[in-house]
2 protein chains.
Amino acid sequence: MSAIILAGKPVAEAIKAEVSTEVAGLIDIHGIKPTLAVVRVGEDPASAVYVGSKVRTAAEIGIGSEHLHFAADTAEAEIVDVVATLNARDDIDGILVQLPLPAHINERRILETIDPLKDVDGFHPVNAGRLLQGHESLVPCTPAGVIEVLRRSGIEIAGKRAVVVGRSNIVGKPMSVLLLQNDATVTICHSRTRDLAAITREADILVAAIGRAGFVRGEHIREGAVVVDVGINSVTDTGAVRELFPDDEQERRLAAINDRGATLAGDVNARDAMAKAAAYTPVPGGIGLLTVAMLMKNTVTAARMRRLASI
Amino acid sequence: MSAIILAGKPVAEAIKAEVSTEVAGLIDIHGIKPTLAVVRVGEDPASAVYVGSKVRTAAEIGIGSEHLHFAADTAEAEIVDVVATLNARDDIDGILVQLPLPAHINERRILETIDPLKDVDGFHPVNAGRLLQGHESLVPCTPAGVIEVLRRSGIEIAGKRAVVVGRSNIVGKPMSVLLLQNDATVTICHSRTRDLAAITREADILVAAIGRAGFVRGEHIREGAVVVDVGINSVTDTGAVRELFPDDEQERRLAAINDRGATLAGDVNARDAMAKAAAYTPVPGGIGLLTVAMLMKNTVTAARMRRLASI
């Protein structure tokens, strides 16, 4: 048996196409061009890449964007002011502050300054609370993307046992809440969970969001489960490649380490998942591709909610 | 084997004693008298009883209170104004709007009008979100009371498997989040859960919050589990008494039905829980007694947070 690959790309493309149509409608019918402001502080190279990708995708599907970049030593109060100004501007629908911020800036203070109606990352407590209470809200992009992949792949969630490994505020917790809202019976596991494998083997749908390459192995996976891998880890050790990846994938993984010094691996051992799961979201090429698409969708949702009072 | 009874009264008394000491300190040292405003609309007799109990308990432990009572036909806008006025008053620390409200008033609108810093019921989305994200917040009283009973009874939560049956915004969801924060491995079950008994039998700690008398039976309970019964249901059928309650309790239950027309039963079959569980919170006399005590605790927490910026 070999798992069906749940590729992120076709799902992300479908969502972007739908959002693009919606944007065109908002512009034509209401004269509203949804616009995203991205705030970046400092010179973290990964952040620069992520922000570039967000701004480029916005342009592709007709969403306006502004990229505000500040020096690493910018004062916290100045970033608060920037966010407050963006909150007040009627032409800005979404505000995203790229994380991580420099150490002298209190991330939570900045994120809580964002108007919840413009909080396209869904990190504001008001949005977290509305999510928990089952009311309309802006939902964190990665877990929202997982639901899209499952739904659009025809995987039923209602009545299934879902197990989420990891309890971060960005993925594990909102993921659990979203699965619950889709009527799964949800278990959330973490570093203090005892006999993890016995619990994860109960899962019809297993979501790994721990941040450790290949942490979820064969012993954790029920034969025939759907395995969703949210982790994105950098692997530099050629020995790990043989352990983590199926035979037919090893050559290009080793080449990647040789060429670029690293290859990306998820939180799930891909070799084991391919052997045991019914379906599996690979890394790269799986859930990671959804995040930017869902950000675009959130930006349009934010524009509708705030400017038209509709979703 | 017969389960240890986890009585709510000594725990509630201990909390009230602690809160009382804390109130005295706030008055003596800071000149702050924590004060609770209770808003009641209409003539629901149960609401009148609950509000009476809250106001009386506040007086007992030195917390100030104001009871604002409005006719059943009061306009929603007027209640919004009342809440806004209470929000603005510096001498009011906690605001509680007694539910249910008359049908013409949008409960959610009223509850979201309450200043989150004065939201002693913990129902505002900001508090729900802070709870989910693991930050300081005002926590709904009933699930917070469950944690107090477990902790003060010496029942370890960390690393245990906890199963919550019911996913209401008032109990099931915040209960799951609190158990997670106490490092349990948490599963949340509901009406769409398949093979419920197999899942609840995995629980070291089983919390029932469904709202159906005796719904959780022997087949749902692992031998030696801790069973927490949050339900409060009215039973009027003498036949049900024989099914729901242990032999030595039936006489006084039948007398209650004879005298008052009804007896209170939890969501757990008490006869089965007494036979299988290691420990069990009875109904009445269990978790229900904690709710008012936790409301008092929240009022003092709210006073500290807002007036002293400390918890």
# chains A, B, ... in the order shown; residues from 1 in each chain; ligands from 1

$ select_by_dssp --residues "region 189-289 of chain B" --states "strand (DSSP E or B)" --output "JSON, numbers by chain"
{"B": [189, 205, 206, 207, 208, 216, 226, 227, 228, 229, 233, 234, 235, 263, 264, 265, 268, 279, 280]}

$ write_last_selection --atoms "C-alpha atoms" --output "PDB file, in the first residue's frame"
ATOM      1  CA  CYS B 189     -16.851  14.469  22.508  1.00  0.00           C
ATOM      2  CA  ILE B 205     -10.786  12.082  34.190  1.00  0.00           C
ATOM      3  CA  LEU B 206     -14.256  12.121  32.643  1.00  0.00           C
ATOM      4  CA  VAL B 207     -16.273  15.348  32.622  1.00  0.00           C
ATOM      5  CA  ALA B 208     -19.946  15.166  31.689  1.00  0.00           C
ATOM      6  CA  VAL B 216     -23.255   8.751  31.150  1.00  0.00           C
ATOM      7  CA  VAL B 226     -12.443  10.288  38.279  1.00  0.00           C
ATOM      8  CA  VAL B 227     -15.936  11.292  37.149  1.00  0.00           C
ATOM      9  CA  VAL B 228     -16.962  14.950  37.219  1.00  0.00           C
ATOM     10  CA  ASP B 229     -20.646  15.603  36.744  1.00  0.00           C
ATOM     11  CA  ASN B 233     -31.279  18.161  35.528  1.00  0.00           C
ATOM     12  CA  SER B 234     -34.687  17.930  37.086  1.00  0.00           C
ATOM     13  CA  VAL B 235     -36.097  14.398  37.454  1.00  0.00           C
ATOM     14  CA  THR B 263     -35.198  15.825  42.444  1.00  0.00           C
ATOM     15  CA  LEU B 264     -31.931  16.976  40.868  1.00  0.00           C
ATOM     16  CA  ALA B 265     -29.835  14.534  38.845  1.00  0.00           C
ATOM     17  CA  VAL B 268     -23.999  10.812  35.057  1.00  0.00           C
ATOM     18  CA  ALA B 279     -14.030   9.452  42.759  1.00  0.00           C
ATOM     19  CA  TYR B 280     -17.230  11.204  41.775  1.00  0.00           C
TER      20      TYR B 280
END

$ residues_around --residues "Ile221 (chain A)" --least-positions-apart "6" --cutoff "9 Å" --atoms "only C-alpha atoms" --output "compact mmCIF listing (two decimals) with N, CA and C atoms, in the first residue's frame"
# COMPACT_ATOMS: atom_id res chain seq x y z
N ALA A 197 1.93 7.19 21.09
CA ALA A 197 1.64 6.35 19.92
C ALA A 197 0.29 5.65 20.05
N THR A 200 -2.27 8.40 19.12
CA THR A 200 -2.28 8.82 17.71
C THR A 200 -2.75 7.67 16.82
N ARG A 201 -2.55 6.43 17.25
CA ARG A 201 -3.03 5.29 16.45
C ARG A 201 -4.55 5.17 16.44
N GLU A 202 -5.22 5.93 17.32
CA GLU A 202 -6.68 5.95 17.29
C GLU A 202 -7.21 6.90 16.20
N ALA A 203 -6.30 7.69 15.63
CA ALA A 203 -6.74 8.78 14.75
C ALA A 203 -7.14 8.29 13.36
N LEU A 206 -4.84 12.41 11.46
CA LEU A 206 -3.73 12.74 12.37
C LEU A 206 -3.02 13.98 11.86
N VAL A 227 -2.97 11.43 7.11
CA VAL A 227 -1.91 12.07 7.89
C VAL A 227 -1.60 13.44 7.29
N ASP A 272 7.47 6.26 6.46
CA ASP A 272 6.46 5.52 7.22
C ASP A 272 5.05 5.93 6.80
N ALA A 273 4.84 7.24 6.61
CA ALA A 273 3.50 7.71 6.24
C ALA A 273 3.10 7.13 4.88
N LYS A 276 2.03 3.48 5.48
CA LYS A 276 0.89 3.13 6.33
C LYS A 276 -0.38 3.95 6.10
N ALA A 277 -0.22 5.22 5.75
CA ALA A 277 -1.39 6.09 5.66
C ALA A 277 -2.18 5.81 4.39

$ residues_around --residues "region 158-174 of chain A" --least-positions-apart "4" --cutoff "6 Å" --atoms "only C-alpha atoms" --output "list of chain:residue names"
A:Pro143, A:Asn182, A:Asp183, A:Ala184, A:Thr185, A:Val186, A:Thr187, A:Ile188, A:Cys189, A:His190, A:Ala203, A:Asp204, A:Ile205, A:Leu206, A:Val207, A:Ala208, A:Ala209, A:Ile210, B:Gln133, B:Arg192, B:Thr193, B:Arg194

$ residues_around --residues "Arg151 (chain A)" --least-positions-apart "4" --cutoff "12 Å" --atoms "only C-alpha atoms" --output "PyMOL selection string"
chain A and resi 6+11+144-147+155-158+179+182

$ atom_distance --atom1 "CA of Ser310 (chain B)" --atom2 "CA of Leu295 (chain B)"
18.0 Å

$ residues_around --residues "region 36-49 of chain B" --least-positions-apart "6" --cutoff "10 Å" --atoms "only C-alpha atoms" --output "VMD selection string"
chain B and resid 55 58 63 to 74 79 82 to 83 86 91 to 102 105 118 120 295 to 296 298 to 300 302 to 303

$ closest_residue --among "B:Ile5, B:Ala14, B:Leu111, B:Leu289" --to "Arg152 (chain B)" --atoms "only C-alpha atoms"
B:Ala14
